[in-house]
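**Q** Below: one structure in structure tokens.
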Amino acid sequence: MKIDVTEKTPQKILTPTSGFLEGYTHSLNPYIGCAFGCSYCYVRQSPVGLFRKQEWGTWVDVKKGVAEKLKKELLLLRKKEKQVVIFMSSSTDPYQPVEHKEQVTRTLLEVMAEIQPDFLFVQTRSPMVTRDIDLLAKLGEKVMVSITVETDLEDVRKRFSPAAPPIPARLKALRELREAGIPVQAAVAPALPFSDRFPEKLTGLVDRICVDDFTGDGSGGKRTNRLKIGERFDGLEKEEWYEGDVQRRVWDKLNEVFSPEKLILSPEGFMPPKKSMEP
Ligand code: SF4
């Protein structure tokens, strides 16, 4: 699909967080819009998605000149001795296809490798994140990379997020990051139908696994209902994977392979790990 790419020059790049990003002081979005266009994306139902005429997933605004802005903003926060705990990204994917060319995320990481925040959480679906292992490594324990792996079944992934990167590439990225010593988690969020072998496939790839279902969309599942996500499940799947306490059932399945210390339910699974925040 052709993506409509335009450029924007924002006044600021760090956004002070409110409500749902508990534990963070700022969110950092290198782009507006997202070419992955996941069917269940809660941003579709936010002002960013709703007030644009074009359909979500067909457009991306590239934020220009933001590395300099980030540098200034971080230095100012440091001067004021404020804590800086950053979530990248809350309403876009920092490693969507346009990042290959634009490298906005990379330039932001270059700044953060130099003027380090107290903690940076990187949330993505893209194996492109491995390109930046050199910069992520400079942050040591002050970073965690979370890669969404909702399922191990490609036919399921294609049904719910056809433009997002293939699952095997995401698993490979988790392995590469871990081997490079970068703290990593798999976000099985929102959990989609997966095979019995899925927990085993994650073995050795992650420091922790975050588990969530569609109730973690910031509205207890209402946004997801409005997006008619239930229609994407086939009849038999729906009962097991969409209705009832899916989060608990998925946790139990993963718990057959992973100890409870490695499993973490959302929203806690998207918060900074406690260990990283210790002085
Ligand atoms: S990758 Fe994230 S921001 Fe992009 S469409 Fe999917 S859920 Fe939304």
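FYI, nothing fancy with the structure tokens labels: chains A, B, ... in order, residues from 1 per chain, ligands from 1 as they appear.
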Please identify all polymer residues within 9 Å of stretch 66-74 of chain A, counting only C-alpha atoms, omitting same-chain residues fewer than 5 positions from it, and present them as a PyMOL selection string.
**A** chain A and resi 9-14+30+79+84+104-105+107-112+115-117
**Q** Which residues are near ligand 1 - at most 7 Å, using only C-alpha atoms and all ligand atoms? Format: as a ChimeraX atom specification.
**A** /A:34-38,40-43,57,91-93,124-125,164
**Q** Put those residues in a file: N, CA, C and O atoms, as a PDB file, in the first residue's frame.
**A**
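See again-v4.pdb below for the written result:
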ATOM      1  N   CYS A  34       0.973   5.798  11.581  1.00  0.00           N
ATOM      2  CA  CYS A  34       1.747   4.551  11.599  1.00  0.00           C
ATOM      3  C   CYS A  34       1.368   3.682  10.408  1.00  0.00           C
ATOM      4  O   CYS A  34       0.198   3.323  10.235  1.00  0.00           O
ATOM      5  N   ALA A  35       2.376   3.352   9.601  1.00  0.00           N
ATOM      6  CA  ALA A  35       2.132   2.573   8.388  1.00  0.00           C
ATOM      7  C   ALA A  35       1.793   1.112   8.676  1.00  0.00           C
ATOM      8  O   ALA A  35       1.325   0.408   7.787  1.00  0.00           O
ATOM      9  N   PHE A  36       2.011   0.647   9.898  1.00  0.00           N
ATOM     10  CA  PHE A  36       1.663  -0.743  10.201  1.00  0.00           C
ATOM     11  C   PHE A  36       0.142  -0.918  10.252  1.00  0.00           C
ATOM     12  O   PHE A  36      -0.367  -1.992   9.959  1.00  0.00           O
ATOM     13  N   GLY A  37      -0.563   0.125  10.654  1.00  0.00           N
ATOM     14  CA  GLY A  37      -2.037   0.127  10.552  1.00  0.00           C
ATOM     15  C   GLY A  37      -2.735  -1.084  11.160  1.00  0.00           C
ATOM     16  O   GLY A  37      -3.723  -1.568  10.593  1.00  0.00           O
ATOM     17  N   CYS A  38      -2.271  -1.545  12.310  1.00  0.00           N
ATOM     18  CA  CYS A  38      -2.890  -2.733  12.933  1.00  0.00           C
ATOM     19  C   CYS A  38      -4.399  -2.506  13.108  1.00  0.00           C
ATOM     20  O   CYS A  38      -4.817  -1.416  13.507  1.00  0.00           O
ATOM     21  N   TYR A  40      -6.419  -3.431  15.297  1.00  0.00           N
ATOM     22  CA  TYR A  40      -6.875  -3.203  16.667  1.00  0.00           C
ATOM     23  C   TYR A  40      -6.219  -1.982  17.304  1.00  0.00           C
ATOM     24  O   TYR A  40      -6.403  -1.752  18.492  1.00  0.00           O
ATOM     25  N   CYS A  41      -5.447  -1.205  16.532  1.00  0.00           N
ATOM     26  CA  CYS A  41      -4.682  -0.095  17.111  1.00  0.00           C
ATOM     27  C   CYS A  41      -5.608   0.892  17.821  1.00  0.00           C
ATOM     28  O   CYS A  41      -6.490   1.479  17.199  1.00  0.00           O
ATOM     29  N   TYR A  42      -5.360   1.110  19.112  1.00  0.00           N
ATOM     30  CA  TYR A  42      -6.241   2.015  19.868  1.00  0.00           C
ATOM     31  C   TYR A  42      -6.081   3.469  19.438  1.00  0.00           C
ATOM     32  O   TYR A  42      -6.941   4.292  19.701  1.00  0.00           O
ATOM     33  N   VAL A  43      -4.960   3.783  18.760  1.00  0.00           N
ATOM     34  CA  VAL A  43      -4.752   5.172  18.307  1.00  0.00           C
ATOM     35  C   VAL A  43      -5.775   5.542  17.229  1.00  0.00           C
ATOM     36  O   VAL A  43      -6.102   6.706  17.040  1.00  0.00           O
ATOM     37  N   GLY A  57      -3.160   4.155   9.071  1.00  0.00           N
ATOM     38  CA  GLY A  57      -2.320   3.149   8.414  1.00  0.00           C
ATOM     39  C   GLY A  57      -1.917   3.549   7.005  1.00  0.00           C
ATOM     40  O   GLY A  57      -1.115   2.861   6.372  1.00  0.00           O
ATOM     41  N   SER A  91       2.043   6.482  20.428  1.00  0.00           N
ATOM     42  CA  SER A  91       0.991   6.565  19.402  1.00  0.00           C
ATOM     43  C   SER A  91       1.528   6.397  17.987  1.00  0.00           C
ATOM     44  O   SER A  91       0.920   6.852  17.015  1.00  0.00           O
ATOM     45  N   THR A  92       2.657   5.744  17.881  1.00  0.00           N
ATOM     46  CA  THR A  92       3.218   5.392  16.577  1.00  0.00           C
ATOM     47  C   THR A  92       4.217   4.281  16.830  1.00  0.00           C
ATOM     48  O   THR A  92       4.481   3.940  17.977  1.00  0.00           O
ATOM     49  N   ASP A  93       4.763   3.698  15.748  1.00  0.00           N
ATOM     50  CA  ASP A  93       5.869   2.749  15.956  1.00  0.00           C
ATOM     51  C   ASP A  93       7.165   3.463  15.560  1.00  0.00           C
ATOM     52  O   ASP A  93       7.289   3.943  14.428  1.00  0.00           O
ATOM     53  N   THR A 124       8.013  -1.453  20.160  1.00  0.00           N
ATOM     54  CA  THR A 124       7.947  -1.581  18.694  1.00  0.00           C
ATOM     55  C   THR A 124       7.454  -2.963  18.289  1.00  0.00           C
ATOM     56  O   THR A 124       7.403  -3.884  19.108  1.00  0.00           O
ATOM     57  N   ARG A 125       7.109  -3.089  17.018  1.00  0.00           N
ATOM     58  CA  ARG A 125       6.836  -4.391  16.410  1.00  0.00           C
ATOM     59  C   ARG A 125       7.902  -4.749  15.385  1.00  0.00           C
ATOM     60  O   ARG A 125       7.803  -5.746  14.706  1.00  0.00           O
ATOM     61  N   ALA A 164       2.202  -5.333   9.363  1.00  0.00           N
ATOM     62  CA  ALA A 164       3.245  -5.360  10.402  1.00  0.00           C
ATOM     63  C   ALA A 164       4.281  -6.440  10.070  1.00  0.00           C
ATOM     64  O   ALA A 164       4.004  -7.367   9.306  1.00  0.00           O
TER      65      ALA A 164
END
**Q** Find the spatial neighbours of A:Leu139, counting only C-alpha atoms, within a cut-off of 12 Å - ignore same-chain residues fewer than 2 positions away - and output them as a list in words.
**A**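 The residues that qualify are Leu109, Glu110, Val111, Met112, Ala113, Glu114, Ile115, Gln116, Pro117, Asp118, Phe119, Leu120, Phe121, Val122, Asp132, Ile133, Asp134, Leu135, Leu136, Ala137, Glu141, Lys142, Val143, Met144, Val145, Gly181, Ile182, Pro183 and Ser276 of chain A.
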**Q** Using only C-alpha atoms, find the one residue out of A:Ala173, A:Gln54, A:Arg232, A:Phe214 that sits nearest to A:Arg157.
**A**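 Closest to A:Arg157 of all the choices is A:Arg232.
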**Q** For A:Leu77, which residue out of A:Arg44, A:Lys2, A:Arg249, A:His26 is the nearest one, using only C-alpha atoms?
**A**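 Result for the nearest residue to A:Leu77: A:His26.
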**Q** Have a look at A:Arg159, A:Arg52, A:Arg197, A:Lys64 and name the one nearest to A:Asn29; count only C-alpha atoms.
**A**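 Using only C-alpha atoms, the shortest distance to A:Asn29 belongs to A:Lys64.
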**Q** Near stretch 215-228 of chain A, counting only C-alpha atoms, which residues have an atom at most 8 Å away, once you skip same-chain residues fewer than 6 positions from it, shown as a list in words?
**A**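 With the cut-off at 8 Å, the set is Phe20, Ser39, Tyr40, Tyr42, Gln45, Pro190, Ser266 and Pro267 of chain A.
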**Q** With C-alpha atoms retained, write the just-selected residues as a tab-separated table (two decimals), in the first residue's frame.
**A**
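Printed below is selection_32.tsv as written:
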chain	number	residue	atom	x	y	z
A	20	PHE	CA	-2.29	5.87	31.22
A	39	SER	CA	-6.63	-3.40	12.88
A	40	TYR	CA	-6.87	-3.20	16.67
A	42	TYR	CA	-6.24	2.01	19.87
A	45	GLN	CA	-9.91	5.88	18.20
A	190	PRO	CA	-2.97	-7.94	22.74
A	266	SER	CA	-0.32	-5.23	31.63
A	267	PRO	CA	-0.38	-2.34	32.51
**Q** Neighbouring residues of A:Gln247 were defined as those with any atom within 8 Å, considering only C-alpha atoms; residues of the same chain fewer than 4 positions away were excluded. Please report them as a list in words.
**A**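 Final neighbour list, sorted by chain and number: Ala191, Val211, Asp212, Asp213, Trp251 and Leu265 of chain A.
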**Q** When you draw a straight line from atom CA of A:Asp207 to atom CA of A:Leu28, how long is it in Å?
**A** 23.5 Å
**Q** Which residues in stretch 78-226 of chain A does DSSP call strand (DSSP E)? List them as a PyMOL selection string.
**A** chain A and resi 85-88+119-124+143-148+184-188+208-211
**Q** Pull N, CA, C and O atoms from the residues just selected and write them as an mmCIF file, in the first residue's frame.
**A**
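Output file part.cif is given in full below:
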data_model
loop_
_atom_site.group_PDB
_atom_site.id
_atom_site.type_symbol
_atom_site.label_atom_id
_atom_site.label_comp_id
_atom_site.auth_asym_id
_atom_site.auth_seq_id
_atom_site.Cartn_x
_atom_site.Cartn_y
_atom_site.Cartn_z
ATOM 1 N N VAL A 85 11.828 9.962 32.489
ATOM 2 C CA VAL A 85 11.523 8.551 32.222
ATOM 3 C C VAL A 85 10.642 8.531 30.971
ATOM 4 O O VAL A 85 9.508 9.000 30.979
ATOM 5 N N ILE A 86 11.193 7.997 29.887
ATOM 6 C CA ILE A 86 10.583 8.197 28.557
ATOM 7 C C ILE A 86 9.989 6.906 27.998
ATOM 8 O O ILE A 86 10.627 5.851 28.030
ATOM 9 N N PHE A 87 8.794 7.036 27.417
ATOM 10 C CA PHE A 87 8.152 5.924 26.699
ATOM 11 C C PHE A 87 8.161 6.267 25.206
ATOM 12 O O PHE A 87 7.564 7.253 24.786
ATOM 13 N N MET A 88 8.829 5.430 24.404
ATOM 14 C CA MET A 88 8.921 5.655 22.956
ATOM 15 C C MET A 88 8.478 4.373 22.245
ATOM 16 O O MET A 88 9.221 3.398 22.294
ATOM 17 N N PHE A 119 15.457 6.611 32.372
ATOM 18 C CA PHE A 119 15.048 5.321 31.799
ATOM 19 C C PHE A 119 14.331 5.575 30.474
ATOM 20 O O PHE A 119 13.601 6.557 30.318
ATOM 21 N N LEU A 120 14.558 4.658 29.529
ATOM 22 C CA LEU A 120 13.890 4.724 28.222
ATOM 23 C C LEU A 120 13.263 3.368 27.923
ATOM 24 O O LEU A 120 13.949 2.342 27.961
ATOM 25 N N PHE A 121 11.963 3.377 27.636
ATOM 26 C CA PHE A 121 11.267 2.153 27.240
ATOM 27 C C PHE A 121 10.962 2.281 25.746
ATOM 28 O O PHE A 121 10.330 3.252 25.324
ATOM 29 N N VAL A 122 11.454 1.317 24.964
ATOM 30 C CA VAL A 122 11.233 1.356 23.515
ATOM 31 C C VAL A 122 10.204 0.287 23.163
ATOM 32 O O VAL A 122 10.441 -0.905 23.387
ATOM 33 N N GLN A 123 9.080 0.705 22.618
ATOM 34 C CA GLN A 123 8.007 -0.224 22.260
ATOM 35 C C GLN A 123 7.855 -0.262 20.734
ATOM 36 O O GLN A 123 7.623 0.759 20.100
ATOM 37 N N THR A 124 8.013 -1.453 20.160
ATOM 38 C CA THR A 124 7.947 -1.581 18.694
ATOM 39 C C THR A 124 7.454 -2.963 18.289
ATOM 40 O O THR A 124 7.403 -3.884 19.108
ATOM 41 N N VAL A 143 17.609 1.106 29.742
ATOM 42 C CA VAL A 143 16.711 0.926 28.597
ATOM 43 C C VAL A 143 16.062 -0.450 28.670
ATOM 44 O O VAL A 143 16.638 -1.386 29.241
ATOM 45 N N MET A 144 14.873 -0.558 28.138
ATOM 46 C CA MET A 144 14.273 -1.861 27.859
ATOM 47 C C MET A 144 13.602 -1.779 26.501
ATOM 48 O O MET A 144 12.929 -0.777 26.197
ATOM 49 N N VAL A 145 13.832 -2.793 25.669
ATOM 50 C CA VAL A 145 13.147 -2.866 24.378
ATOM 51 C C VAL A 145 12.049 -3.901 24.491
ATOM 52 O O VAL A 145 12.284 -5.042 24.906
ATOM 53 N N SER A 146 10.843 -3.476 24.153
ATOM 54 C CA SER A 146 9.682 -4.368 24.186
ATOM 55 C C SER A 146 9.202 -4.585 22.752
ATOM 56 O O SER A 146 8.868 -3.625 22.058
ATOM 57 N N ILE A 147 9.234 -5.825 22.320
ATOM 58 C CA ILE A 147 8.751 -6.137 20.958
ATOM 59 C C ILE A 147 7.425 -6.877 21.073
ATOM 60 O O ILE A 147 7.330 -7.899 21.759
ATOM 61 N N THR A 148 6.422 -6.347 20.407
ATOM 62 C CA THR A 148 5.118 -6.999 20.417
ATOM 63 C C THR A 148 5.176 -8.292 19.617
ATOM 64 O O THR A 148 5.631 -8.320 18.472
ATOM 65 N N VAL A 184 15.280 -7.022 27.310
ATOM 66 C CA VAL A 184 14.180 -7.148 26.339
ATOM 67 C C VAL A 184 12.967 -7.842 26.959
ATOM 68 O O VAL A 184 13.095 -8.712 27.818
ATOM 69 N N GLN A 185 11.819 -7.456 26.430
ATOM 70 C CA GLN A 185 10.610 -8.206 26.764
ATOM 71 C C GLN A 185 9.826 -8.472 25.479
ATOM 72 O O GLN A 185 9.891 -7.712 24.515
ATOM 73 N N ALA A 186 9.073 -9.567 25.502
ATOM 74 C CA ALA A 186 8.082 -9.808 24.451
ATOM 75 C C ALA A 186 6.750 -9.321 25.014
ATOM 76 O O ALA A 186 6.396 -9.666 26.149
ATOM 77 N N ALA A 187 6.057 -8.513 24.246
ATOM 78 C CA ALA A 187 4.726 -8.067 24.665
ATOM 79 C C ALA A 187 3.691 -8.909 23.923
ATOM 80 O O ALA A 187 3.468 -8.720 22.724
ATOM 81 N N VAL A 188 3.132 -9.864 24.622
ATOM 82 C CA VAL A 188 2.047 -10.672 24.040
ATOM 83 C C VAL A 188 0.782 -9.858 24.310
ATOM 84 O O VAL A 188 0.012 -10.132 25.220
ATOM 85 N N ARG A 208 11.603 -10.822 30.171
ATOM 86 C CA ARG A 208 10.264 -10.946 30.746
ATOM 87 C C ARG A 208 9.225 -10.912 29.627
ATOM 88 O O ARG A 208 9.524 -10.522 28.496
ATOM 89 N N ILE A 209 8.009 -11.321 29.963
ATOM 90 C CA ILE A 209 6.920 -11.326 28.981
ATOM 91 C C ILE A 209 5.754 -10.547 29.569
ATOM 92 O O ILE A 209 5.316 -10.812 30.697
ATOM 93 N N CYS A 210 5.272 -9.597 28.803
ATOM 94 C CA CYS A 210 4.104 -8.830 29.226
ATOM 95 C C CYS A 210 2.863 -9.420 28.554
ATOM 96 O O CYS A 210 2.876 -9.704 27.355
ATOM 97 N N VAL A 211 1.844 -9.627 29.339
ATOM 98 C CA VAL A 211 0.628 -10.275 28.832
ATOM 99 C C VAL A 211 -0.550 -9.316 28.919
ATOM 100 O O VAL A 211 -0.780 -8.705 29.964
#
**Q** Name the residues of stretch 43-124 of chain A that fall into helix (DSSP H, G or I) according to DSSP on the backbone, using the chain letters and numbers of this document, as a ChimeraX atom specification.
**A** /A:43-45,47-50,66-79,99-102,104-114
**Q** Excluding A:Phe233 and residues on its chain fewer than 5 positions from it, collect all residues at most 9 Å away from it, counting only C-alpha atoms, and give them as a ChimeraX atom specification.
**A** /A:156,159,193,238,241-242
**Q** Write a file of the just-selected residues containing N, CA and C atoms, as a PDB file, in the first residue's frame.
**A**
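Once everything was written out, this is again.pdb:
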ATOM      1  N   VAL A 156      -2.606 -15.818  11.516  1.00  0.00           N
ATOM      2  CA  VAL A 156      -3.340 -14.972  12.462  1.00  0.00           C
ATOM      3  C   VAL A 156      -2.807 -13.538  12.382  1.00  0.00           C
ATOM      4  N   ARG A 159      -4.123 -11.731   9.493  1.00  0.00           N
ATOM      5  CA  ARG A 159      -5.547 -11.390   9.614  1.00  0.00           C
ATOM      6  C   ARG A 159      -5.755 -10.106  10.424  1.00  0.00           C
ATOM      7  N   PRO A 193      -4.820 -15.547  18.976  1.00  0.00           N
ATOM      8  CA  PRO A 193      -4.718 -17.011  19.014  1.00  0.00           C
ATOM      9  C   PRO A 193      -3.301 -17.480  18.674  1.00  0.00           C
ATOM     10  N   LYS A 238     -13.162 -17.250  18.914  1.00  0.00           N
ATOM     11  CA  LYS A 238     -13.690 -16.089  19.622  1.00  0.00           C
ATOM     12  C   LYS A 238     -13.928 -16.378  21.110  1.00  0.00           C
ATOM     13  N   TRP A 241     -10.385 -16.772  22.807  1.00  0.00           N
ATOM     14  CA  TRP A 241      -9.372 -15.719  22.699  1.00  0.00           C
ATOM     15  C   TRP A 241      -9.918 -14.296  22.780  1.00  0.00           C
ATOM     16  N   TYR A 242     -11.225 -14.150  22.839  1.00  0.00           N
ATOM     17  CA  TYR A 242     -11.772 -12.782  22.845  1.00  0.00           C
ATOM     18  C   TYR A 242     -12.749 -12.549  23.987  1.00  0.00           C
TER      19      TYR A 242
END
**Q** Atom CA of A:Phe194 and atom CA of A:Glu261 are how many Å apart?
**A**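 Computing the Euclidean distance for atom CA of A:Phe194 and atom CA of A:Glu261 yields 21.8 Å.
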**Q** Could you pull the residues within 12 Å of A:Glu154, counting only C-alpha atoms, minus those fewer than 2 positions along the same chain, as an MDAnalysis selection string?
**A** chainID A and resid 149:152 156:170 192:195 198
**Q** If I take atom CA of A:Leu254 and atom CA of A:Leu177, how far is one from the other in Å, to one decimal?
**A**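 We find that atom CA of A:Leu254 and atom CA of A:Leu177 lie 21.3 Å from each other.
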**Q** So, counting only C-alpha atoms, which residue among A:Pro97, A:Lys172, A:Glu268, A:Lys82 is closest to A:Gly33?
**A**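 Residue with the minimum atom-to-atom distance to A:Gly33: A:Pro97.
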